[in-house]
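Engineer: Before I ask anything, let me first share the structure, which is written out below as structure tokens.
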Amino acid sequence: MSAPFRFPRFFVTSPAPCPYLEGKTERKVFTELGGNNANDLNDALGRIGFRRSQSVAYRPSCADCSACVSVRVCANDFAPSQSQKRNVRRNRDLVVTACRPWATEEQYALLRSYLTTRHPNGGMADMDEQDFADMVEQTPVDSYMIEYREPTSDGSRGRLVGCCLTDRQGDGLSMIYSFFDTQHPLREGLGTYIILDHVQRAARAGLPYVYLGYWIEGSARMAYKARFRPLEKLGPDGWSRFEPIASDRVAAIFELA
């Protein structure tokens with residue numbers, strides 16, 4: 001006889017400066033994921049806008065702001081733009097492998113390079129190797145580190161140019177965190193390609209969605225998410241499709257170049 005399901009206990013963080021909107025204060029509600037029901041709980045919470053970080057599921061719970069909007073790509077109906085099609089052709093030779101969630105020195109070196117060039121003053125800028133290992137390995141749910149490597153002539157492991165820590169949920173793939181070589185001279189748009197690959201993977205697996213986390217209207221750091229259509233957002237009445245304004249120039253500068 002299995003143990004009865006226990007309703008999770010939720011907690012709220014203390015207010016802190018918002019990392020996305022100047023002058024705003026953020027607060028999060030969170031609960032712990034663990035035990036035999038961790039996957040089911042993560043699935044249920046993901047459908048109502050929660051994100052996972054290690055063994056914790058959280059979502060914004062700000063007193064005076066509702067700018068953070070959960071978004072997901074409709075994988076089965078996704079129609080790539082012309083620039084996205086070119087991106088796939090340019091990077092389709094990459095060798096993509098779904099690895100167990102185990103951190104490596106090679107992954108960490110790529111992360112450090114990514115943070116230095118793309119987010120030098122971000123909240124993860126001081127992440128050390130142990131922090132990275134905790135982020136990858138402390139997961140109570142079905143997680144993978146998706147690696148993107150350049151091909152080699154002899155079939156050996158090529159150079160690592162991209163990674164994404166990904167959860168498989170009941171209705172889709174949740175992209176927890178991705179990072180890549182931002183200065184590769186021949187691999188423009190690796191960030192875009194990683195998302196496109198996840199959309200294709202979800203569709204092949206019969207999973208209808210790819211969860212991209214939160215989108216904030218007017219936030220340059222979030223602008224790239226508007227380029228993947230059709231897109232759904234979570235509102236008071238549930239999930240619905242919407243048409244955010246996408247800026248290719250802003251997205252390229254801040255996230256995907």
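Residues in the structure tokens are numbered from 1 in each chain, the chains being A, B, ... in the order shown, and ligands are numbered from 1 in the order shown.
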Do you know which residues are at most 12 Å from Ser53 of chain A counting only C-alpha atoms, after dropping those on the same chain fewer than 6 positions away, and could you put them as a ChimeraX atom specification?
Structural biologist: /A:30-33,42,59,131-132,134-141,143,165-167,174-177,213
Engineer: Quick check for you: according to DSSP on this backbone, which residues of segment 27-218 of chain A are classed as alpha helix (DSSP H)? Reply as a ChimeraX atom specification.
Structural biologist: /A:38-46,82-91,105-118,129-137,190-204
Engineer: Calculate how many Å separate atom CA of Arg227 of chain A from atom CA of Asp43 of chain A, rounding to one decimal.
Structural biologist: 25.1 Å
Engineer: Report the closest atom pair, with its distance in Å rounded to one decimal, for each residue of segment 138-233 of chain A that has an atom no farther than 9 Å from segment 9-29 of chain A; count only C-alpha atoms, sort by chain and then rising residue number, and write it as JSON lines.
Structural biologist:
```
{"residue": "A:Ile216", "atom": "CA", "partner": "A:Tyr20", "partner_atom": "CA", "distance": 8.2}
{"residue": "A:Ser219", "atom": "CA", "partner": "A:Tyr20", "partner_atom": "CA", "distance": 6.8}
{"residue": "A:Ala220", "atom": "CA", "partner": "A:Tyr20", "partner_atom": "CA", "distance": 9.0}
{"residue": "A:Arg221", "atom": "CA", "partner": "A:Tyr20", "partner_atom": "CA", "distance": 7.8}
{"residue": "A:Met222", "atom": "CA", "partner": "A:Tyr20", "partner_atom": "CA", "distance": 9.0}
```
Engineer: For Gln54 of chain A, which residue out of A:Pro230, A:Gly158, A:Gly34, A:Gly172 is the nearest one, using only C-alpha atoms?
Structural biologist: A:Gly34
Engineer: Quick one: of A:Asp40, A:Asp64, A:Glu243, A:Glu150, who's nearest to Phe228 of chain A, counting only C-alpha atoms?
Structural biologist: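 Going through A:Asp40, A:Asp64, A:Glu243, A:Glu150 one by one, the smallest distance to Phe228 of chain A is for A:Glu243.
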Engineer: Pick out the closest residue to Ser70 of chain A from this set: A:Ile146, A:Ala223, A:Arg118, A:Trp215. Count only C-alpha atoms.
Structural biologist: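 Result for the nearest residue to Ser70 of chain A: A:Trp215.
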Engineer: From segment 2-211 of chain A, collect each residue whose DSSP state is strand (DSSP E) and return the set as a PyMOL selection string.
Structural biologist: chain A and resi 11-12+16-17+25-26+28-32+51-53+56-60+69-74+95-99+143-149+160-169+172-180+209-211
Engineer: Under the rule of at most 12 Å, produce a per-residue listing of segment 25-129 of chain A near segment 193-203 of chain A: chain, number, name, the closest pair of atoms, and the distance in Å, as JSON lines, using only C-alpha atoms.
Structural biologist:
```
{"residue": "A:Arg72", "atom": "CA", "partner": "A:Val199", "partner_atom": "CA", "distance": 10.2}
{"residue": "A:Val73", "atom": "CA", "partner": "A:Val199", "partner_atom": "CA", "distance": 7.5}
{"residue": "A:Cys74", "atom": "CA", "partner": "A:Val199", "partner_atom": "CA", "distance": 8.1}
{"residue": "A:Ala75", "atom": "CA", "partner": "A:Val199", "partner_atom": "CA", "distance": 5.2}
{"residue": "A:Asn76", "atom": "CA", "partner": "A:Ala203", "partner_atom": "CA", "distance": 5.4}
{"residue": "A:Asp77", "atom": "CA", "partner": "A:Ala203", "partner_atom": "CA", "distance": 8.9}
{"residue": "A:Phe78", "atom": "CA", "partner": "A:Val199", "partner_atom": "CA", "distance": 7.7}
{"residue": "A:Ala79", "atom": "CA", "partner": "A:Val199", "partner_atom": "CA", "distance": 10.2}
{"residue": "A:Pro80", "atom": "CA", "partner": "A:Leu196", "partner_atom": "CA", "distance": 8.3}
{"residue": "A:Ser81", "atom": "CA", "partner": "A:Leu196", "partner_atom": "CA", "distance": 10.9}
{"residue": "A:Ser83", "atom": "CA", "partner": "A:Tyr193", "partner_atom": "CA", "distance": 10.8}
{"residue": "A:Gln84", "atom": "CA", "partner": "A:Leu196", "partner_atom": "CA", "distance": 7.8}
{"residue": "A:Lys85", "atom": "CA", "partner": "A:Leu196", "partner_atom": "CA", "distance": 9.4}
{"residue": "A:Arg86", "atom": "CA", "partner": "A:Tyr193", "partner_atom": "CA", "distance": 10.0}
{"residue": "A:Asn87", "atom": "CA", "partner": "A:Tyr193", "partner_atom": "CA", "distance": 6.4}
{"residue": "A:Val88", "atom": "CA", "partner": "A:Tyr193", "partner_atom": "CA", "distance": 6.4}
{"residue": "A:Arg89", "atom": "CA", "partner": "A:Tyr193", "partner_atom": "CA", "distance": 9.8}
{"residue": "A:Arg90", "atom": "CA", "partner": "A:Tyr193", "partner_atom": "CA", "distance": 9.3}
{"residue": "A:Asn91", "atom": "CA", "partner": "A:Tyr193", "partner_atom": "CA", "distance": 7.2}
{"residue": "A:Arg92", "atom": "CA", "partner": "A:Tyr193", "partner_atom": "CA", "distance": 8.8}
{"residue": "A:Asp93", "atom": "CA", "partner": "A:Tyr193", "partner_atom": "CA", "distance": 11.6}
{"residue": "A:Leu94", "atom": "CA", "partner": "A:Tyr193", "partner_atom": "CA", "distance": 10.1}
{"residue": "A:Val95", "atom": "CA", "partner": "A:Asp197", "partner_atom": "CA", "distance": 11.4}
{"residue": "A:Val96", "atom": "CA", "partner": "A:Asp197", "partner_atom": "CA", "distance": 9.0}
{"residue": "A:Thr97", "atom": "CA", "partner": "A:Asp197", "partner_atom": "CA", "distance": 11.3}
{"residue": "A:Ala98", "atom": "CA", "partner": "A:Arg201", "partner_atom": "CA", "distance": 10.7}
```
Engineer: Between atom CA of Gly49 of chain A and atom CA of Tyr211 of chain A, what is the spacing in Å?
Structural biologist: 9.5 Å
Engineer: Env of Phe179 of chain A: 8 Å cut, atoms = only C-alpha atoms, seq-sep filter 6 positions within chain, self excluded. Answer as a VMD selection string.
Structural biologist: chain A and resid 110 to 111 114 162 to 164 191
Engineer: I want to know what sits within 10 Å of Gly170 of chain A, based on only C-alpha atoms, with residues of the same chain fewer than 6 positions away left out; could you give that as a ChimeraX atom specification?
Structural biologist: /A:39-40,42-44,46-47,207-209
Engineer: Which residues, written as JSON, numbers by chain, have at least one atom at most 7 Å from Tyr214 of chain A, with only C-alpha atoms counted and residues fewer than 3 positions away on the same chain left out?
Structural biologist: {"A": [68, 69, 70, 71]}
